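Structure file coords_14.csv; described as CSV, C-alpha atoms.
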```csv
chain,number,residue,atom,x,y,z
A,1,MET,CA,0.0,0.0,0.0
A,2,GLN,CA,1.4,3.4,-1.0
A,3,THR,CA,2.1,5.6,2.1
A,4,LYS,CA,4.5,8.2,0.8
A,5,CYS,CA,3.2,11.5,-0.6
A,6,TYR,CA,3.8,12.5,-4.2
A,7,PHE,CA,6.8,14.8,-3.5
A,8,HIS,CA,8.5,12.3,-1.3
A,9,ARG,CA,8.2,9.7,-4.1
A,10,VAL,CA,9.6,12.2,-6.6
A,11,HIS,CA,12.6,12.6,-4.3
A,12,ASP,CA,13.0,8.8,-3.9
A,13,GLN,CA,12.7,7.9,-7.6
A,14,THR,CA,14.2,10.9,-9.4
A,15,PRO,CA,16.9,13.6,-9.1
A,16,THR,CA,14.3,16.3,-9.0
A,17,ARG,CA,13.7,18.2,-5.8
A,18,PHE,CA,10.7,20.2,-4.7
A,19,TRP,CA,10.9,23.9,-3.6
A,20,ILE,CA,8.0,26.0,-2.4
A,21,ASN,CA,7.3,29.6,-3.5
A,22,ASN,CA,6.0,32.7,-1.7
A,23,VAL,CA,4.7,30.9,1.4
A,24,THR,CA,3.2,32.0,4.8
A,25,GLU,CA,4.9,30.5,7.9
A,26,ASP,CA,2.1,27.8,8.1
A,27,GLU,CA,2.6,26.9,4.4
A,28,ALA,CA,6.3,26.7,4.9
A,29,ARG,CA,5.9,24.1,7.6
A,30,LEU,CA,3.4,22.2,5.5
A,31,ALA,CA,5.7,22.3,2.5
A,32,ILE,CA,8.7,21.0,4.5
A,33,GLU,CA,6.6,18.1,5.8
A,34,ALA,CA,5.6,17.3,2.2
A,35,GLY,CA,9.3,17.3,1.2
A,36,ALA,CA,10.3,20.9,0.2
A,37,VAL,CA,14.0,21.4,0.5
A,38,GLY,CA,14.1,25.2,-0.2
A,39,CYS,CA,11.9,28.2,-0.8
A,40,THR,CA,11.7,31.0,-3.3
A,41,GLN,CA,10.2,34.4,-2.3
A,42,ASN,CA,9.8,37.3,-4.7
A,43,PRO,CA,9.0,41.1,-4.4
A,44,SER,CA,5.3,40.5,-4.4
A,45,TYR,CA,5.7,38.7,-1.0
A,46,ALA,CA,5.1,41.7,1.3
A,47,TRP,CA,1.9,42.6,-0.4
A,48,LYS,CA,0.7,39.0,-0.3
A,49,MET,CA,1.4,38.9,3.5
A,50,MET,CA,-0.3,42.2,4.1
A,51,GLN,CA,-3.5,40.7,2.7
A,52,ALA,CA,-3.0,37.2,4.1
A,53,VAL,CA,-1.9,37.9,7.7
A,54,PRO,CA,-2.2,41.6,8.4
A,55,ASP,CA,-2.2,41.1,12.2
A,56,GLN,CA,1.3,39.7,11.8
A,57,VAL,CA,2.6,42.2,9.3
A,58,PHE,CA,1.5,45.7,10.5
A,59,PRO,CA,3.0,45.5,14.0
A,60,LEU,CA,6.4,44.8,12.3
A,61,LEU,CA,5.8,47.7,9.9
A,62,ASP,CA,4.8,50.1,12.8
A,63,ALA,CA,8.1,49.4,14.5
A,64,ILE,CA,10.0,50.0,11.3
A,65,LEU,CA,8.2,53.3,10.5
A,66,ALA,CA,9.1,54.6,13.9
A,67,GLY,CA,12.7,54.8,12.9
A,68,GLU,CA,12.6,54.9,9.0
A,69,PRO,CA,11.4,58.1,7.3
A,70,ASP,CA,11.5,56.7,3.8
A,71,ASP,CA,8.5,54.6,2.7
A,72,ASN,CA,10.5,52.5,0.2
A,73,GLU,CA,13.3,51.8,2.6
A,74,ALA,CA,10.7,50.8,5.2
A,75,LEU,CA,9.2,48.3,2.7
A,76,ILE,CA,12.6,46.9,2.0
A,77,LYS,CA,13.1,46.4,5.7
A,78,LEU,CA,9.6,44.9,6.1
A,79,GLN,CA,10.2,42.4,3.3
A,80,LYS,CA,13.5,41.4,4.9
A,81,GLN,CA,11.9,40.8,8.3
A,82,LEU,CA,9.0,38.8,6.8
A,83,ILE,CA,11.3,36.6,4.8
A,84,GLU,CA,13.7,36.1,7.7
A,85,ARG,CA,10.8,34.4,9.5
A,86,ILE,CA,10.7,31.9,6.6
A,87,ALA,CA,14.5,31.5,6.7
A,88,ALA,CA,14.3,30.6,10.4
A,89,ILE,CA,11.8,27.8,9.5
A,90,PHE,CA,14.2,26.4,6.8
A,91,LEU,CA,17.4,26.9,8.8
A,92,PRO,CA,17.4,23.5,10.5
A,93,LEU,CA,17.3,21.9,7.1
A,94,TRP,CA,20.2,24.1,6.0
A,95,GLU,CA,22.1,23.1,9.1
A,96,ALA,CA,21.4,19.4,8.8
A,97,SER,CA,22.5,19.3,5.2
A,98,ARG,CA,25.6,21.4,5.9
A,99,GLY,CA,24.4,24.2,3.7
A,100,ARG,CA,23.2,22.2,0.7
A,101,GLN,CA,19.5,22.5,1.3
A,102,GLY,CA,17.2,24.9,3.2
A,103,HIS,CA,17.9,28.0,1.2
A,104,VAL,CA,15.4,30.8,1.1
A,105,THR,CA,15.6,33.4,-1.7
A,106,ILE,CA,15.1,37.2,-1.3
A,107,GLN,CA,15.0,39.7,-4.1
A,108,GLY,CA,15.3,43.5,-3.9
A,109,ASP,CA,13.1,46.4,-4.9
A,110,PRO,CA,12.0,45.7,-8.5
A,111,PHE,CA,12.0,49.4,-9.4
A,112,HIS,CA,15.7,50.0,-8.6
A,113,GLU,CA,17.7,47.2,-10.3
A,114,LYS,CA,20.9,48.9,-11.3
A,115,ALA,CA,24.0,46.8,-10.5
A,116,GLY,CA,25.1,48.8,-7.4
A,117,ASN,CA,21.6,48.8,-5.9
A,118,ILE,CA,21.3,45.0,-6.5
A,119,VAL,CA,24.6,44.4,-4.6
A,120,ARG,CA,23.6,46.8,-1.8
A,121,GLN,CA,20.2,45.2,-1.2
A,122,ALA,CA,21.6,41.7,-1.5
A,123,ARG,CA,24.2,42.3,1.2
A,124,PHE,CA,21.6,44.0,3.5
A,125,ASN,CA,18.9,41.3,2.9
A,126,CYS,CA,21.2,38.4,3.7
A,127,GLU,CA,23.1,39.7,6.7
A,128,ASN,CA,21.3,37.8,9.4
A,129,PHE,CA,20.7,34.3,8.1
A,130,PRO,CA,23.2,32.1,6.4
A,131,ASN,CA,20.6,30.2,4.4
A,132,LEU,CA,19.2,33.4,2.7
A,133,SER,CA,20.0,33.6,-1.0
A,134,PRO,CA,20.1,36.8,-3.0
A,135,LYS,CA,17.8,36.5,-6.0
A,136,ILE,CA,19.4,38.3,-9.0
A,137,PRO,CA,17.6,39.1,-12.3
A,138,VAL,CA,19.6,38.1,-15.3
A,139,THR,CA,19.6,41.4,-17.0
A,140,GLN,CA,22.5,43.6,-18.1
A,141,ASP,CA,22.7,45.1,-14.6
A,142,GLY,CA,22.2,41.8,-12.9
A,143,LEU,CA,25.0,40.3,-14.9
A,144,GLU,CA,27.2,43.1,-13.6
A,145,ALA,CA,26.2,42.4,-10.0
A,146,ILE,CA,26.6,38.6,-10.2
A,147,PRO,CA,30.4,38.5,-10.2
A,148,THR,CA,30.7,40.8,-7.2
A,149,LEU,CA,28.3,38.8,-5.0
A,150,ALA,CA,29.5,35.4,-6.3
A,151,ALA,CA,33.1,36.3,-5.4
A,152,GLU,CA,31.9,37.3,-1.9
A,153,GLY,CA,30.5,33.8,-1.4
A,154,TYR,CA,26.8,34.4,-1.5
A,155,THR,CA,24.5,31.6,-2.5
A,156,LEU,CA,23.0,33.3,-5.6
A,157,THR,CA,19.7,32.5,-7.2
A,158,MET,CA,19.9,33.9,-10.8
A,159,THR,CA,16.3,34.5,-11.9
A,160,GLU,CA,14.0,36.0,-14.6
A,161,VAL,CA,15.7,33.6,-17.1
A,162,MET,CA,13.4,33.1,-20.0
A,163,SER,CA,16.0,32.3,-22.8
A,164,VAL,CA,18.8,29.9,-23.4
A,165,GLN,CA,21.3,32.8,-24.0
A,166,GLN,CA,20.4,34.4,-20.6
A,167,ALA,CA,21.1,31.1,-18.9
A,168,MET,CA,24.5,30.7,-20.6
A,169,ASP,CA,25.5,34.3,-19.9
A,170,ALA,CA,24.6,33.9,-16.2
A,171,CYS,CA,26.7,30.7,-16.0
A,172,ASP,CA,29.6,32.5,-17.6
A,173,ALA,CA,29.4,35.4,-15.2
A,174,TRP,CA,29.2,33.1,-12.1
A,175,GLU,CA,31.8,30.6,-13.2
A,176,GLN,CA,34.4,33.3,-14.1
A,177,ALA,CA,33.9,35.1,-10.8
A,178,THR,CA,34.3,31.9,-8.7
A,179,ALA,CA,37.1,30.3,-10.7
A,180,GLY,CA,39.7,31.2,-8.1
A,181,LEU,CA,37.8,30.4,-4.9
A,182,ASP,CA,38.9,27.5,-2.7
A,183,HIS,CA,35.3,26.7,-1.8
A,184,LEU,CA,32.5,27.2,-4.3
A,185,PRO,CA,29.3,28.7,-3.0
A,186,VAL,CA,26.0,27.0,-3.8
A,187,ALA,CA,24.3,28.7,-6.8
A,188,TYR,CA,21.0,28.2,-8.6
A,189,LEU,CA,19.8,29.3,-12.0
A,190,ALA,CA,16.0,29.6,-12.3
A,191,HIS,CA,14.4,29.3,-15.7
A,192,ILE,CA,10.8,30.4,-15.7
A,193,PRO,CA,8.8,28.2,-18.1
A,194,GLY,CA,5.4,29.1,-16.6
A,195,ILE,CA,5.6,32.8,-17.2
A,196,PHE,CA,7.1,32.2,-20.6
A,197,ASP,CA,4.1,30.1,-21.5
A,198,GLU,CA,1.7,32.7,-20.2
A,199,TYR,CA,3.4,35.3,-22.3
A,200,LEU,CA,3.3,33.2,-25.5
A,201,GLN,CA,-0.4,32.5,-24.9
A,202,ASN,CA,-1.0,36.2,-24.7
A,203,VAL,CA,0.8,36.7,-27.9
A,204,VAL,CA,-1.1,34.0,-29.7
A,205,THR,CA,-4.4,35.3,-28.5
A,206,GLY,CA,-3.7,38.9,-29.1
A,207,GLN,CA,-2.4,38.3,-32.6
A,208,ALA,CA,-4.7,35.5,-33.5
A,209,ILE,CA,-1.8,33.2,-34.5
A,210,ASP,CA,-2.8,29.8,-35.9
A,211,ILE,CA,-1.0,27.3,-33.8
A,212,GLU,CA,-2.2,24.0,-32.2
A,213,PRO,CA,-2.8,24.3,-28.4
A,214,ASP,CA,-1.0,21.0,-28.0
A,215,ILE,CA,2.1,22.4,-29.6
A,216,LEU,CA,2.0,25.7,-27.7
A,217,TRP,CA,1.6,23.8,-24.4
A,218,GLN,CA,5.1,22.4,-24.8
A,219,ALA,CA,7.0,25.7,-25.4
A,220,GLY,CA,8.2,26.7,-21.9
A,221,VAL,CA,9.3,23.2,-21.0
A,222,ALA,CA,11.0,22.8,-24.4
A,223,VAL,CA,13.2,25.8,-23.6
A,224,SER,CA,13.8,24.6,-20.1
A,225,LYS,CA,14.9,21.2,-21.4
A,226,LYS,CA,17.5,23.0,-23.6
A,227,VAL,CA,18.7,25.1,-20.7
A,228,HIS,CA,19.1,22.0,-18.5
A,229,ASP,CA,20.9,20.1,-21.3
A,230,LEU,CA,23.4,22.9,-21.9
A,231,MET,CA,24.1,23.2,-18.2
A,232,LEU,CA,24.8,19.5,-18.0
A,233,GLN,CA,27.0,19.7,-21.1
A,234,ARG,CA,29.2,22.4,-19.6
A,235,ARG,CA,29.3,20.6,-16.3
A,236,THR,CA,28.6,23.7,-14.3
A,237,PRO,CA,28.2,23.4,-10.6
A,238,ILE,CA,25.3,25.8,-10.7
A,239,HIS,CA,22.0,24.0,-10.0
A,240,TYR,CA,19.2,24.1,-12.5
A,241,MET,CA,15.8,25.3,-11.2
A,242,ALA,CA,12.4,25.8,-12.9
A,243,GLY,CA,9.8,28.2,-11.6
A,244,GLY,CA,6.8,30.4,-12.4
A,245,ALA,CA,4.4,27.5,-12.7
A,246,ARG,CA,1.1,28.3,-14.3
A,247,GLY,CA,-0.2,24.7,-14.4
A,248,LEU,CA,0.5,21.4,-12.8
A,249,HIS,CA,2.5,20.3,-15.9
A,250,HIS,CA,5.1,22.9,-14.9
A,251,PHE,CA,6.0,20.5,-12.2
A,252,THR,CA,5.0,17.1,-13.5
A,253,GLU,CA,6.6,17.6,-17.0
A,254,ILE,CA,9.9,18.6,-15.3
A,255,VAL,CA,10.1,15.6,-13.1
A,256,GLY,CA,13.4,13.8,-14.1
A,257,ALA,CA,15.5,17.0,-14.2
A,258,SER,CA,18.7,17.1,-12.2
A,259,GLY,CA,17.6,20.1,-10.2
A,260,PHE,CA,14.8,21.8,-8.5
A,261,VAL,CA,11.2,23.0,-9.3
A,262,THR,CA,9.6,25.7,-7.2
A,263,ILE,CA,5.8,26.0,-7.1
A,264,ASN,CA,3.2,27.8,-5.0
A,265,TRP,CA,1.5,25.9,-2.2
A,266,LYS,CA,-2.1,26.9,-2.9
A,267,GLY,CA,-3.3,25.8,-6.3
A,268,THR,CA,-0.2,23.7,-7.3
A,269,ALA,CA,1.5,21.9,-4.4
A,270,ASP,CA,-1.7,21.2,-2.6
A,271,ARG,CA,-3.4,20.0,-5.7
A,272,LEU,CA,-0.5,17.6,-6.6
A,273,LEU,CA,-0.7,16.2,-3.0
A,274,GLU,CA,-4.5,15.8,-3.4
A,275,GLN,CA,-4.3,14.2,-6.9
A,276,ASP,CA,-1.2,12.1,-6.0
A,277,PRO,CA,-0.3,11.3,-9.6
A,278,PRO,CA,2.2,8.6,-10.6
A,279,VAL,CA,5.8,9.7,-10.7
A,280,VAL,CA,6.7,9.6,-14.3
A,281,GLN,CA,10.0,11.0,-15.6
A,282,ARG,CA,9.4,12.7,-19.0
A,283,PHE,CA,11.8,15.7,-18.8
A,284,LEU,CA,14.8,13.9,-20.4
A,285,GLN,CA,12.7,12.9,-23.4
A,286,PRO,CA,13.6,15.2,-26.3
A,287,THR,CA,11.0,17.6,-27.5
A,288,PRO,CA,10.0,16.3,-31.0
A,289,THR,CA,11.7,18.2,-33.8
A,290,GLY,CA,8.3,18.8,-35.4
A,291,VAL,CA,7.1,20.6,-32.3
A,292,ILE,CA,10.2,22.8,-32.2
A,293,ASP,CA,9.9,23.6,-35.9
A,294,ARG,CA,6.3,24.6,-35.5
A,295,LEU,CA,6.9,26.8,-32.5
A,296,ALA,CA,9.9,28.4,-34.2
A,297,HIS,CA,8.0,29.0,-37.5
A,298,LYS,CA,5.0,30.5,-35.8
A,299,LEU,CA,6.5,32.4,-32.9
A,300,GLY,CA,9.4,34.8,-33.2
A,301,GLU,CA,9.5,35.1,-29.4
A,302,PHE,CA,10.1,31.4,-29.1
A,303,ARG,CA,12.9,31.5,-31.6
A,304,ARG,CA,14.6,34.3,-29.6
A,305,ALA,CA,14.4,32.2,-26.4
A,306,TYR,CA,15.3,28.9,-27.8
A,307,TRP,CA,18.3,29.7,-30.0
A,308,LEU,CA,21.7,30.6,-28.7
A,309,LYS,CA,22.4,34.2,-29.5
A,310,GLY,CA,18.7,34.7,-30.0
A,311,LEU,CA,18.9,37.7,-27.6
A,312,GLY,CA,21.6,40.2,-26.8
A,313,VAL,CA,22.5,41.2,-23.3
A,314,ASP,CA,21.0,44.7,-23.7
A,315,GLU,CA,17.6,43.1,-24.7
A,316,TYR,CA,17.1,40.9,-21.6
A,317,GLU,CA,15.4,43.6,-19.5
A,318,HIS,CA,13.0,44.5,-22.3
A,319,TYR,CA,12.2,40.9,-23.5
A,320,GLY,CA,8.5,40.4,-23.3
A,321,PRO,CA,8.3,37.4,-20.9
A,322,VAL,CA,10.8,39.2,-18.6
A,323,VAL,CA,8.7,42.3,-18.6
A,324,LEU,CA,5.6,40.3,-17.8
A,325,PHE,CA,7.3,38.7,-14.8
A,326,ARG,CA,8.8,41.9,-13.5
A,327,THR,CA,5.6,43.9,-14.0
A,328,SER,CA,3.8,41.5,-11.6
A,329,PHE,CA,6.5,42.3,-9.0
A,330,GLU,CA,6.3,46.0,-9.7
A,331,GLN,CA,2.5,46.1,-9.3
A,332,ALA,CA,2.6,44.2,-6.0
A,333,TRP,CA,5.5,46.4,-4.7
A,334,GLN,CA,3.5,49.5,-5.6
A,335,HIS,CA,0.5,48.2,-3.8
A,336,ALA,CA,2.6,47.4,-0.7
A,337,LEU,CA,4.2,50.9,-0.9
A,338,GLN,CA,0.8,52.5,-0.9
A,339,ALA,CA,-0.1,50.5,2.1
A,340,VAL,CA,3.1,51.6,3.9
A,341,ALA,CA,2.2,55.3,3.2
A,342,GLU,CA,-1.4,54.8,4.4
A,343,ARG,CA,-0.1,53.1,7.6
A,344,ARG,CA,2.3,56.0,8.2
A,345,ARG,CA,-0.6,58.4,8.0
A,346,THR,CA,-2.7,56.3,10.3
A,347,ILE,CA,-0.2,56.0,13.1
A,348,ALA,CA,1.1,59.6,12.8
```
Please lay out the structure from this file as structure tokens.
Amino acid sequence: MQTKCYFHRVHDQTPTRFWINNVTEDEARLAIEAGAVGCTQNPSYAWKMMQAVPDQVFPLLDAILAGEPDDNEALIKLQKQLIERIAAIFLPLWEASRGRQGHVTIQGDPFHEKAGNIVRQARFNCENFPNLSPKIPVTQDGLEAIPTLAAEGYTLTMTEVMSVQQAMDACDAWEQATAGLDHLPVAYLAHIPGIFDEYLQNVVTGQAIDIEPDILWQAGVAVSKKVHDLMLQRRTPIHYMAGGARGLHHFTEIVGASGFVTINWKGTADRLLEQDPPVVQRFLQPTPTGVIDRLAHKLGEFRRAYWLKGLGVDEYEHYGPVVLFRTSFEQAWQHALQAVAERRRTIA
């Protein structure tokens, strides 16, 4: 009789490991019980927590506002304190694994992502917990920040990767910066197939492009397979990760990868636990050539993501799927910033 849950069976039978995304403290504990070995948080987290558990958030914010006159800096400090609570929950896992598991990511203010500011916020955000990982967008400025932070030994999570070329440039930047270190820090590279698929679906709908839904459904995972394959070929010590799930297949179709998949608790992890599907490894099966050809023929944005040199470094920040992802962070950050300002007026 089967007694282990889905994620524990994935861990037993495959090299794929489960991470959880943007969780409350209760969800973090549930996820660890279900097998999660790490946690991603993003700049929408403070706004999510303001809505989910205001009684926990606003006392922290009130104390911050008492000593911080700038609303944006207050929000940065609030996000840090909220995510530190999650880091504390994952810290025993980090300690038991000697720093190989239990990492929790934290990303800076999405409106100020010049290299110097990325470095400043990464250092500030990660000063109190050894298992915190600065999350760095793979844009032109992010690629300038990666060598500094990697050489300082931070466990980096390189994110907002939508294209093969972004992934290779991030690997180059990290590997060159750490080449002379005696002890390599842990590092993750997060490709985002779910957001990529959401963007392509928007393009297909908006432009009335004639392409089979079955073909389109495979696009994000097809790019992710190529990223994973090229990372294996170059034997990088950077860990592959997939994120931004917009459907259960953004976990189940990636089972078999040598790496990690991060998903939300509500709507994804909880549904997989409920449905308890068979553990089937499909990720290492090549995407059929006919599928790639059809996607490349119909969708220029797919070609730019799938082909090496399909994008230039100066294009990353403005590439449609990256903009879609970052815009969600900016909108949530702006909502949270408005809530900070309103709270300051309330307690004044």
Exercise. Hey, can you check how far CA of Asp62 (chain A) sits from CA of Tyr45 (chain A)?
Worked result: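 It comes out at 17.9 Å.
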Exercise. Between A:Leu200, A:Ile106, A:Leu75, A:Ala190, which is the closest to Ala339 (chain A) once you count only C-alpha atoms?
Worked result: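 Ranked by minimum distance to Ala339 (chain A), first place goes to A:Leu75.
Remark: for Met241 (chain A), the closest of the candidate residues A:Val221, A:Ala31, A:Met50, A:Ile192 is A:Ile192 (distances computed over all atoms listed in the file).
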Problem set entry | Between CA of Ala150 (chain A) and CA of Pro137 (chain A), distance in Å (one decimal) |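 These two atoms are separated by 13.8 Å.
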Problem set entry | Atom pair CA of Val279 (chain A) / CA of Leu248 (chain A): separation (Å) | 13.0 Å
Problem set entry | Selection: 10 Å around Gln281 (chain A), only C-alpha atoms, excl. self and same-chain fewer than 3 positions, as a ChimeraX atom specification | /A:10,13-16,252-257,278,284-285
For this session: List the neighbours of Phe196 (chain A) out to 8 Å using only C-alpha atoms; skip same-chain residues closer than 6 positions along the sequence, and give me the result as a list of chain:residue names.
Result: A:Met162, A:Gly220, A:Pro321
Problem set entry | Pick from A:Pro69, A:Val223, A:Leu132, A:Ile64, whichever lies nearest to Ile89 (chain A) using all atoms listed in the file | A:Leu132
Problem set entry | Distance criterion (only C-alpha atoms): nearest to Gln107 (chain A) out of A:Arg9, A:Lys309, A:Lys80, A:His250 | A:Lys80
For Pro237 (chain A), work out the shell of residues within 10 Å, counting only C-alpha atoms and skipping chain neighbours fewer than 6 positions away, then give it as a PDB file with C-alpha atoms, in the frame of the given file.
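What landed in result_31.pdb:
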```
ATOM      1  CA  CYS A 171      26.700  30.700 -16.000  1.00  0.00           C
ATOM      2  CA  TRP A 174      29.200  33.100 -12.100  1.00  0.00           C
ATOM      3  CA  GLU A 175      31.800  30.600 -13.200  1.00  0.00           C
ATOM      4  CA  LEU A 184      32.500  27.200  -4.300  1.00  0.00           C
ATOM      5  CA  PRO A 185      29.300  28.700  -3.000  1.00  0.00           C
ATOM      6  CA  VAL A 186      26.000  27.000  -3.800  1.00  0.00           C
ATOM      7  CA  ALA A 187      24.300  28.700  -6.800  1.00  0.00           C
ATOM      8  CA  TYR A 188      21.000  28.200  -8.600  1.00  0.00           C
ATOM      9  CA  MET A 231      24.100  23.200 -18.200  1.00  0.00           C
TER      10      MET A 231
END
```
Please produce region 188-205 of chain A, completed to N, CA and C atoms, as a compact mmCIF listing (two decimals), keeping the file's coordinate frame.
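Final output, saved to selection06.txt:
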```
# COMPACT_ATOMS: atom_id res chain seq x y z
N TYR A 188 22.12 28.75 -7.85
CA TYR A 188 21.00 28.20 -8.60
C TYR A 188 20.70 29.16 -9.79
N LEU A 189 20.24 28.56 -10.87
CA LEU A 189 19.80 29.30 -12.00
C LEU A 189 18.34 28.93 -12.30
N ALA A 190 17.45 29.91 -12.21
CA ALA A 190 16.00 29.60 -12.30
C ALA A 190 15.46 30.04 -13.65
N HIS A 191 15.18 29.04 -14.47
CA HIS A 191 14.40 29.30 -15.70
C HIS A 191 12.95 29.30 -15.36
N ILE A 192 12.18 30.13 -16.09
CA ILE A 192 10.80 30.40 -15.70
C ILE A 192 9.83 29.96 -16.84
N PRO A 193 9.62 28.66 -17.02
CA PRO A 193 8.80 28.20 -18.10
C PRO A 193 7.32 28.62 -18.03
N GLY A 194 6.79 28.73 -16.80
CA GLY A 194 5.40 29.10 -16.60
C GLY A 194 5.05 30.46 -17.13
N ILE A 195 5.85 31.44 -16.73
CA ILE A 195 5.60 32.80 -17.20
C ILE A 195 5.86 32.92 -18.69
N PHE A 196 6.86 32.20 -19.18
CA PHE A 196 7.10 32.20 -20.60
C PHE A 196 5.90 31.67 -21.38
N ASP A 197 5.29 30.61 -20.90
CA ASP A 197 4.10 30.10 -21.50
C ASP A 197 2.93 31.06 -21.46
N GLU A 198 2.79 31.71 -20.33
CA GLU A 198 1.70 32.70 -20.20
C GLU A 198 1.90 33.83 -21.21
N TYR A 199 3.14 34.27 -21.38
CA TYR A 199 3.40 35.30 -22.30
C TYR A 199 3.09 34.89 -23.77
N LEU A 200 3.55 33.69 -24.13
CA LEU A 200 3.30 33.20 -25.50
C LEU A 200 1.78 33.05 -25.74
N GLN A 201 1.05 32.58 -24.75
CA GLN A 201 -0.40 32.50 -24.90
C GLN A 201 -1.04 33.82 -25.14
N ASN A 202 -0.54 34.84 -24.44
CA ASN A 202 -1.00 36.20 -24.70
C ASN A 202 -0.76 36.67 -26.09
N VAL A 203 0.44 36.35 -26.59
CA VAL A 203 0.80 36.70 -27.90
C VAL A 203 -0.09 36.03 -28.96
N VAL A 204 -0.27 34.74 -28.78
CA VAL A 204 -1.10 34.00 -29.70
C VAL A 204 -2.53 34.47 -29.72
N THR A 205 -3.07 34.75 -28.54
CA THR A 205 -4.40 35.30 -28.50
C THR A 205 -4.55 36.65 -29.05
```
